[in-house]
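Structure file entry-v1.pdb with PDB, C-alpha atoms:
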ATOM      1  CA  ASP A 374     131.003 161.360 103.049  1.00  0.00           C
ATOM      2  CA  VAL A 375     127.295 161.467 102.302  1.00  0.00           C
ATOM      3  CA  ASP A 376     125.570 160.464  99.079  1.00  0.00           C
ATOM      4  CA  TYR A 377     122.443 162.643  99.057  1.00  0.00           C
ATOM      5  CA  SER A 378     121.440 161.275  95.651  1.00  0.00           C
ATOM      6  CA  CYS A 379     120.234 158.076  97.335  1.00  0.00           C
ATOM      7  CA  LEU A 380     117.411 160.019  99.007  1.00  0.00           C
ATOM      8  CA  GLY A 381     115.374 160.307  95.811  1.00  0.00           C
ATOM      9  CA  ASN A 382     112.711 162.390  97.515  1.00  0.00           C
ATOM     10  CA  GLU A 383     111.382 165.788  96.483  1.00  0.00           C
ATOM     11  CA  GLN A 384     111.139 167.042 100.073  1.00  0.00           C
ATOM     12  CA  ALA A 385     114.727 165.982 100.776  1.00  0.00           C
ATOM     13  CA  PHE A 386     116.083 167.964  97.852  1.00  0.00           C
ATOM     14  CA  GLU A 387     113.877 170.911  98.808  1.00  0.00           C
ATOM     15  CA  LEU A 388     115.420 170.843 102.297  1.00  0.00           C
ATOM     16  CA  ILE A 389     118.918 170.757 100.837  1.00  0.00           C
ATOM     17  CA  LYS A 390     118.135 173.757  98.620  1.00  0.00           C
ATOM     18  CA  MET A 391     116.648 175.630 101.571  1.00  0.00           C
ATOM     19  CA  CYS A 392     119.720 175.007 103.727  1.00  0.00           C
ATOM     20  CA  CYS A 393     121.951 176.245 100.929  1.00  0.00           C
ATOM     21  CA  GLY A 394     119.795 179.361 100.567  1.00  0.00           C
ATOM     22  CA  LEU A 395     120.078 180.507 104.173  1.00  0.00           C
ATOM     23  CA  GLN A 396     122.880 182.985 103.479  1.00  0.00           C
ATOM     24  CA  THR A 397     120.921 184.583 100.638  1.00  0.00           C
ATOM     25  CA  VAL A 398     117.829 184.983 102.814  1.00  0.00           C
ATOM     26  CA  VAL A 399     119.890 186.493 105.630  1.00  0.00           C
ATOM     27  CA  ASN A 400     121.546 188.954 103.243  1.00  0.00           C
ATOM     28  CA  THR A 401     118.241 189.954 101.637  1.00  0.00           C
ATOM     29  CA  SER A 402     116.586 190.354 105.020  1.00  0.00           C
ATOM     30  CA  LEU A 403     119.468 192.544 106.167  1.00  0.00           C
ATOM     31  CA  GLU A 404     119.501 194.665 103.006  1.00  0.00           C
ATOM     32  CA  LYS A 405     115.761 195.268 103.138  1.00  0.00           C
ATOM     33  CA  ARG A 406     115.763 195.558 106.940  1.00  0.00           C
ATOM     34  CA  ASP A 407     112.904 193.106 106.983  1.00  0.00           C
ATOM     35  CA  PRO A 408     113.241 190.250 109.506  1.00  0.00           C
ATOM     36  CA  SER A 409     109.926 188.807 108.311  1.00  0.00           C
ATOM     37  CA  LEU A 410     111.767 187.392 105.283  1.00  0.00           C
ATOM     38  CA  LEU A 411     113.924 185.311 107.606  1.00  0.00           C
ATOM     39  CA  LEU A 412     110.894 184.326 109.661  1.00  0.00           C
ATOM     40  CA  LYS A 413     109.051 183.163 106.523  1.00  0.00           C
ATOM     41  CA  TYR A 414     112.136 181.156 105.546  1.00  0.00           C
ATOM     42  CA  THR A 415     112.148 179.365 108.917  1.00  0.00           C
ATOM     43  CA  MET A 416     108.418 178.639 108.707  1.00  0.00           C
ATOM     44  CA  ASP A 417     108.805 177.234 105.189  1.00  0.00           C
ATOM     45  CA  MET A 418     111.735 175.088 106.256  1.00  0.00           C
ATOM     46  CA  CYS A 419     109.780 173.704 109.217  1.00  0.00           C
ATOM     47  CA  LYS A 420     106.836 172.857 106.941  1.00  0.00           C
ATOM     48  CA  THR A 421     109.130 171.135 104.449  1.00  0.00           C
ATOM     49  CA  LEU A 422     110.873 169.203 107.240  1.00  0.00           C
ATOM     50  CA  ASN A 423     107.494 168.086 108.556  1.00  0.00           C
ATOM     51  CA  LYS A 424     106.497 166.806 105.089  1.00  0.00           C
ATOM     52  CA  PHE A 425     109.840 165.015 104.770  1.00  0.00           C
ATOM     53  CA  TYR A 426     109.478 163.414 108.204  1.00  0.00           C
ATOM     54  CA  THR A 427     105.891 162.355 107.476  1.00  0.00           C
ATOM     55  CA  ILE A 428     106.659 160.805 104.083  1.00  0.00           C
ATOM     56  CA  CYS A 429     110.096 159.260 104.683  1.00  0.00           C
ATOM     57  CA  LYS A 430     110.949 156.501 107.072  1.00  0.00           C
ATOM     58  CA  ILE A 431     114.171 157.725 108.670  1.00  0.00           C
ATOM     59  CA  LEU A 432     115.531 154.435 109.969  1.00  0.00           C
ATOM     60  CA  ASP A 433     115.444 151.609 107.443  1.00  0.00           C
ATOM     61  CA  ASP A 434     117.723 148.826 106.234  1.00  0.00           C
ATOM     62  CA  ASN A 435     119.779 150.869 103.772  1.00  0.00           C
ATOM     63  CA  TYR A 436     122.782 152.345 105.625  1.00  0.00           C
ATOM     64  CA  ALA A 437     123.529 154.943 102.933  1.00  0.00           C
ATOM     65  CA  GLN A 438     119.974 156.274 103.040  1.00  0.00           C
ATOM     66  CA  VAL A 439     119.858 156.363 106.834  1.00  0.00           C
ATOM     67  CA  ASN A 440     123.189 158.202 106.926  1.00  0.00           C
ATOM     68  CA  ALA A 441     122.032 160.728 104.313  1.00  0.00           C
ATOM     69  CA  LYS A 442     118.717 161.324 106.093  1.00  0.00           C
ATOM     70  CA  LEU A 443     120.378 161.838 109.472  1.00  0.00           C
ATOM     71  CA  LYS A 444     122.951 164.233 107.998  1.00  0.00           C
ATOM     72  CA  LEU A 445     120.170 166.142 106.247  1.00  0.00           C
ATOM     73  CA  ILE A 446     118.189 166.492 109.468  1.00  0.00           C
ATOM     74  CA  THR A 447     121.324 167.703 111.251  1.00  0.00           C
ATOM     75  CA  MET A 448     121.917 170.249 108.489  1.00  0.00           C
ATOM     76  CA  VAL A 449     118.321 171.496 108.821  1.00  0.00           C
ATOM     77  CA  LYS A 450     118.667 171.689 112.604  1.00  0.00           C
ATOM     78  CA  ASP A 451     121.835 173.761 112.303  1.00  0.00           C
ATOM     79  CA  SER A 452     120.259 176.090 109.722  1.00  0.00           C
ATOM     80  CA  LEU A 453     117.181 176.616 111.888  1.00  0.00           C
ATOM     81  CA  LYS A 454     119.344 177.260 114.935  1.00  0.00           C
ATOM     82  CA  ILE A 455     121.230 179.997 113.054  1.00  0.00           C
ATOM     83  CA  ALA A 456     117.985 181.538 111.788  1.00  0.00           C
ATOM     84  CA  PHE A 457     116.353 181.426 115.227  1.00  0.00           C
ATOM     85  CA  ASN A 458     119.447 182.974 116.785  1.00  0.00           C
ATOM     86  CA  LEU A 459     119.296 185.859 114.297  1.00  0.00           C
ATOM     87  CA  LEU A 460     115.605 186.316 115.140  1.00  0.00           C
ATOM     88  CA  CYS A 461     116.416 186.261 118.894  1.00  0.00           C
ATOM     89  CA  ILE A 462     114.363 183.113 119.417  1.00  0.00           C
ATOM     90  CA  ASP A 463     115.764 180.723 122.011  1.00  0.00           C
ATOM     91  CA  THR A 464     116.172 177.096 120.986  1.00  0.00           C
ATOM     92  CA  ILE A 465     116.177 173.972 123.082  1.00  0.00           C
ATOM     93  CA  GLU A 466     118.567 171.096 122.660  1.00  0.00           C
ATOM     94  CA  GLU A 467     116.088 168.293 123.298  1.00  0.00           C
ATOM     95  CA  MET A 468     112.493 167.657 124.277  1.00  0.00           C
TER      96      MET A 468
END

Would you encode the structure as structure tokens?
Amino acid sequence: DVDYSCLGNEQAFELIKMCCGLQTVVNTSLEKRDPSLLLKYTMDMCKTLNKFYTICKILDDNYAQVNAKLKLITMVKDSLKIAFNLLCIDTIEEM
């Protein structure tokens, strides 16, 4: 459905890589019995999302880009929700 190649932004591709790496971080954290690895992952993802949000205008005239950006943000939100759940940190649905 989504053409992520239209993003053309370093932070966007970093977010995609981070979302894809969640399972690896969870497995490594479990193997080493070190939840700080998962916590560092969440902090890094939040920093990268903040950079992305600061640099990129989310809503613009290009439908494909808007769609890709919104799907990416949803993917990040879902990844963070999983990570926070594993760390026993409650999340809120909206502010």

Can you give me, as a PDB file with C-alpha atoms, keeping the file's coordinate frame, the residues this file yields under the PyMOL selection byres ((chain A and resi 438) around 12)?
ATOM      1  CA  VAL A 375     127.295 161.467 102.302  1.00  0.00           C
ATOM      2  CA  ASP A 376     125.570 160.464  99.079  1.00  0.00           C
ATOM      3  CA  TYR A 377     122.443 162.643  99.057  1.00  0.00           C
ATOM      4  CA  SER A 378     121.440 161.275  95.651  1.00  0.00           C
ATOM      5  CA  CYS A 379     120.234 158.076  97.335  1.00  0.00           C
ATOM      6  CA  LEU A 380     117.411 160.019  99.007  1.00  0.00           C
ATOM      7  CA  GLY A 381     115.374 160.307  95.811  1.00  0.00           C
ATOM      8  CA  ASN A 382     112.711 162.390  97.515  1.00  0.00           C
ATOM      9  CA  ALA A 385     114.727 165.982 100.776  1.00  0.00           C
ATOM     10  CA  CYS A 429     110.096 159.260 104.683  1.00  0.00           C
ATOM     11  CA  LYS A 430     110.949 156.501 107.072  1.00  0.00           C
ATOM     12  CA  ILE A 431     114.171 157.725 108.670  1.00  0.00           C
ATOM     13  CA  LEU A 432     115.531 154.435 109.969  1.00  0.00           C
ATOM     14  CA  ASP A 433     115.444 151.609 107.443  1.00  0.00           C
ATOM     15  CA  ASP A 434     117.723 148.826 106.234  1.00  0.00           C
ATOM     16  CA  ASN A 435     119.779 150.869 103.772  1.00  0.00           C
ATOM     17  CA  TYR A 436     122.782 152.345 105.625  1.00  0.00           C
ATOM     18  CA  ALA A 437     123.529 154.943 102.933  1.00  0.00           C
ATOM     19  CA  VAL A 439     119.858 156.363 106.834  1.00  0.00           C
ATOM     20  CA  ASN A 440     123.189 158.202 106.926  1.00  0.00           C
ATOM     21  CA  ALA A 441     122.032 160.728 104.313  1.00  0.00           C
ATOM     22  CA  LYS A 442     118.717 161.324 106.093  1.00  0.00           C
ATOM     23  CA  LEU A 443     120.378 161.838 109.472  1.00  0.00           C
ATOM     24  CA  LYS A 444     122.951 164.233 107.998  1.00  0.00           C
ATOM     25  CA  LEU A 445     120.170 166.142 106.247  1.00  0.00           C
TER      26      LEU A 445
END

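In this comparison, which uses all atoms listed in the file, the residue of A:Thr427, A:Arg406, A:Leu453, A:Asn458 approaching Gly394 of chain A most closely is A:Leu453.
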
Starting from the PyMOL selection byres ((chain A and resi 418) around 9), expand the selection into actual residues of this file and give them as a ChimeraX atom specification. /A:387-388,391-392,413-417,419-423,449,453

So which residues touch Ser402 of chain A within 10 Å, counting all atoms listed in the file, skipping near sequence neighbours fewer than 6 positions away, as a ChimeraX atom specification? /A:396,408-412

Separation of atom CA of Asp451 of chain A from atom CA of Leu395 of chain A, in Å and rounded to one decimal: 10.7 Å

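Among the candidates A:Glu467, A:Asp407, A:Ile455, A:Phe425, the residue lying nearest to Ile389 of chain A is A:Phe425 (atoms considered: only C-alpha atoms).
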
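Relative to atom CA of Ile446 of chain A, atom CA of Cys393 of chain A is found at 13.5 Å.
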
At the level of N, CA and C atoms, write segment 391-434 of chain A to a file as an mmCIF file, in the first residue's frame, please.
data_model
loop_
_atom_site.group_PDB
_atom_site.id
_atom_site.type_symbol
_atom_site.label_atom_id
_atom_site.label_comp_id
_atom_site.auth_asym_id
_atom_site.auth_seq_id
_atom_site.Cartn_x
_atom_site.Cartn_y
_atom_site.Cartn_z
ATOM 1 N N MET A 391 14.653 1.118 12.762
ATOM 2 C CA MET A 391 14.474 0.895 14.198
ATOM 3 C C MET A 391 13.233 0.043 14.475
ATOM 4 N N CYS A 392 12.152 0.313 13.752
ATOM 5 C CA CYS A 392 10.938 -0.484 13.932
ATOM 6 C C CYS A 392 11.183 -1.939 13.559
ATOM 7 N N CYS A 393 11.934 -2.146 12.503
ATOM 8 C CA CYS A 393 12.245 -3.512 12.071
ATOM 9 C C CYS A 393 13.188 -4.214 13.049
ATOM 10 N N GLY A 394 13.937 -3.457 13.821
ATOM 11 C CA GLY A 394 14.893 -4.039 14.755
ATOM 12 C C GLY A 394 14.350 -4.306 16.143
ATOM 13 N N LEU A 395 13.077 -4.034 16.367
ATOM 14 C CA LEU A 395 12.502 -4.223 17.695
ATOM 15 C C LEU A 395 12.653 -5.656 18.184
ATOM 16 N N GLN A 396 12.340 -6.619 17.355
ATOM 17 C CA GLN A 396 12.406 -8.026 17.762
ATOM 18 C C GLN A 396 13.818 -8.413 18.179
ATOM 19 N N THR A 397 14.810 -7.940 17.455
ATOM 20 C CA THR A 397 16.203 -8.238 17.787
ATOM 21 C C THR A 397 16.577 -7.650 19.144
ATOM 22 N N VAL A 398 16.159 -6.422 19.389
ATOM 23 C CA VAL A 398 16.456 -5.777 20.675
ATOM 24 C C VAL A 398 15.768 -6.519 21.812
ATOM 25 N N VAL A 399 14.531 -6.918 21.604
ATOM 26 C CA VAL A 399 13.804 -7.664 22.640
ATOM 27 C C VAL A 399 14.511 -8.983 22.918
ATOM 28 N N ASN A 400 14.902 -9.699 21.880
ATOM 29 C CA ASN A 400 15.590 -10.979 22.076
ATOM 30 C C ASN A 400 16.927 -10.800 22.790
ATOM 31 N N THR A 401 17.702 -9.810 22.400
ATOM 32 C CA THR A 401 18.990 -9.557 23.032
ATOM 33 C C THR A 401 18.808 -9.160 24.490
ATOM 34 N N SER A 402 17.841 -8.316 24.749
ATOM 35 C CA SER A 402 17.554 -7.890 26.115
ATOM 36 C C SER A 402 17.144 -9.072 26.988
ATOM 37 N N LEU A 403 16.374 -9.978 26.415
ATOM 38 C CA LEU A 403 15.940 -11.173 27.134
ATOM 39 C C LEU A 403 17.107 -12.123 27.384
ATOM 40 N N GLU A 404 17.921 -12.343 26.362
ATOM 41 C CA GLU A 404 19.070 -13.246 26.502
ATOM 42 C C GLU A 404 20.061 -12.752 27.552
ATOM 43 N N LYS A 405 20.307 -11.455 27.545
ATOM 44 C CA LYS A 405 21.273 -10.880 28.480
ATOM 45 C C LYS A 405 20.648 -10.503 29.824
ATOM 46 N N ARG A 406 19.319 -10.648 29.890
ATOM 47 C CA ARG A 406 18.567 -10.262 31.094
ATOM 48 C C ARG A 406 18.886 -8.825 31.494
ATOM 49 N N ASP A 407 18.823 -7.970 30.480
ATOM 50 C CA ASP A 407 19.186 -6.573 30.652
ATOM 51 C C ASP A 407 18.114 -5.676 30.016
ATOM 52 N N PRO A 408 17.109 -5.262 30.796
ATOM 53 C CA PRO A 408 16.045 -4.427 30.245
ATOM 54 C C PRO A 408 16.529 -3.038 29.819
ATOM 55 N N SER A 409 17.719 -2.643 30.259
ATOM 56 C CA SER A 409 18.218 -1.324 29.860
ATOM 57 C C SER A 409 18.471 -1.247 28.359
ATOM 58 N N LEU A 410 18.730 -2.381 27.717
ATOM 59 C CA LEU A 410 18.902 -2.392 26.262
ATOM 60 C C LEU A 410 17.604 -1.976 25.566
ATOM 61 N N LEU A 411 16.498 -2.480 26.067
ATOM 62 C CA LEU A 411 15.196 -2.121 25.508
ATOM 63 C C LEU A 411 14.857 -0.663 25.828
ATOM 64 N N LEU A 412 15.219 -0.220 27.006
ATOM 65 C CA LEU A 412 14.977 1.167 27.383
ATOM 66 C C LEU A 412 15.785 2.117 26.503
ATOM 67 N N LYS A 413 17.042 1.779 26.236
ATOM 68 C CA LYS A 413 17.880 2.601 25.355
ATOM 69 C C LYS A 413 17.277 2.644 23.952
ATOM 70 N N TYR A 414 16.780 1.511 23.482
ATOM 71 C CA TYR A 414 16.132 1.445 22.175
ATOM 72 C C TYR A 414 14.951 2.418 22.115
ATOM 73 N N THR A 415 14.117 2.431 23.142
ATOM 74 C CA THR A 415 12.947 3.316 23.141
ATOM 75 C C THR A 415 13.373 4.779 23.177
ATOM 76 N N MET A 416 14.399 5.080 23.963
ATOM 77 C CA MET A 416 14.893 6.466 24.022
ATOM 78 C C MET A 416 15.429 6.899 22.649
ATOM 79 N N ASP A 417 16.200 6.034 22.016
ATOM 80 C CA ASP A 417 16.750 6.348 20.699
ATOM 81 C C ASP A 417 15.644 6.536 19.670
ATOM 82 N N MET A 418 14.621 5.700 19.741
ATOM 83 C CA MET A 418 13.520 5.831 18.794
ATOM 84 C C MET A 418 12.772 7.146 19.019
ATOM 85 N N CYS A 419 12.563 7.513 20.258
ATOM 86 C CA CYS A 419 11.884 8.786 20.553
ATOM 87 C C CYS A 419 12.702 9.970 20.050
ATOM 88 N N LYS A 420 14.012 9.923 20.217
ATOM 89 C CA LYS A 420 14.878 11.001 19.722
ATOM 90 C C LYS A 420 14.816 11.085 18.199
ATOM 91 N N THR A 421 14.850 9.940 17.543
ATOM 92 C CA THR A 421 14.798 9.915 16.082
ATOM 93 C C THR A 421 13.440 10.405 15.581
ATOM 94 N N LEU A 422 12.365 10.018 16.260
ATOM 95 C CA LEU A 422 11.031 10.491 15.892
ATOM 96 C C LEU A 422 10.942 12.003 16.061
ATOM 97 N N ASN A 423 11.520 12.525 17.125
ATOM 98 C CA ASN A 423 11.504 13.963 17.348
ATOM 99 C C ASN A 423 12.244 14.700 16.227
ATOM 100 N N LYS A 424 13.397 14.179 15.810
ATOM 101 C CA LYS A 424 14.136 14.785 14.694
ATOM 102 C C LYS A 424 13.292 14.750 13.417
ATOM 103 N N PHE A 425 12.677 13.602 13.162
ATOM 104 C CA PHE A 425 11.839 13.440 11.973
ATOM 105 C C PHE A 425 10.701 14.456 11.987
ATOM 106 N N TYR A 426 10.035 14.579 13.125
ATOM 107 C CA TYR A 426 8.888 15.475 13.254
ATOM 108 C C TYR A 426 9.317 16.935 13.125
ATOM 109 N N THR A 427 10.507 17.258 13.604
ATOM 110 C CA THR A 427 11.012 18.626 13.528
ATOM 111 C C THR A 427 11.394 19.012 12.102
ATOM 112 N N ILE A 428 11.999 18.076 11.378
ATOM 113 C CA ILE A 428 12.510 18.351 10.037
ATOM 114 C C ILE A 428 11.424 18.253 8.966
ATOM 115 N N CYS A 429 10.547 17.262 9.095
ATOM 116 C CA CYS A 429 9.574 16.973 8.027
ATOM 117 C C CYS A 429 8.215 17.579 8.321
ATOM 118 N N LYS A 430 7.668 18.197 7.314
ATOM 119 C CA LYS A 430 6.283 18.650 7.392
ATOM 120 C C LYS A 430 5.410 17.420 7.113
ATOM 121 N N ILE A 431 4.571 17.074 8.056
ATOM 122 C CA ILE A 431 3.780 15.843 7.927
ATOM 123 C C ILE A 431 2.685 16.009 6.869
ATOM 124 N N LEU A 432 1.912 17.048 6.984
ATOM 125 C CA LEU A 432 0.812 17.263 6.045
ATOM 126 C C LEU A 432 1.248 18.246 4.972
ATOM 127 N N ASP A 433 1.341 17.762 3.745
ATOM 128 C CA ASP A 433 1.657 18.625 2.609
ATOM 129 C C ASP A 433 0.763 18.247 1.435
ATOM 130 N N ASP A 434 1.102 18.712 0.254
ATOM 131 C CA ASP A 434 0.231 18.513 -0.906
ATOM 132 C C ASP A 434 0.356 17.140 -1.555
#
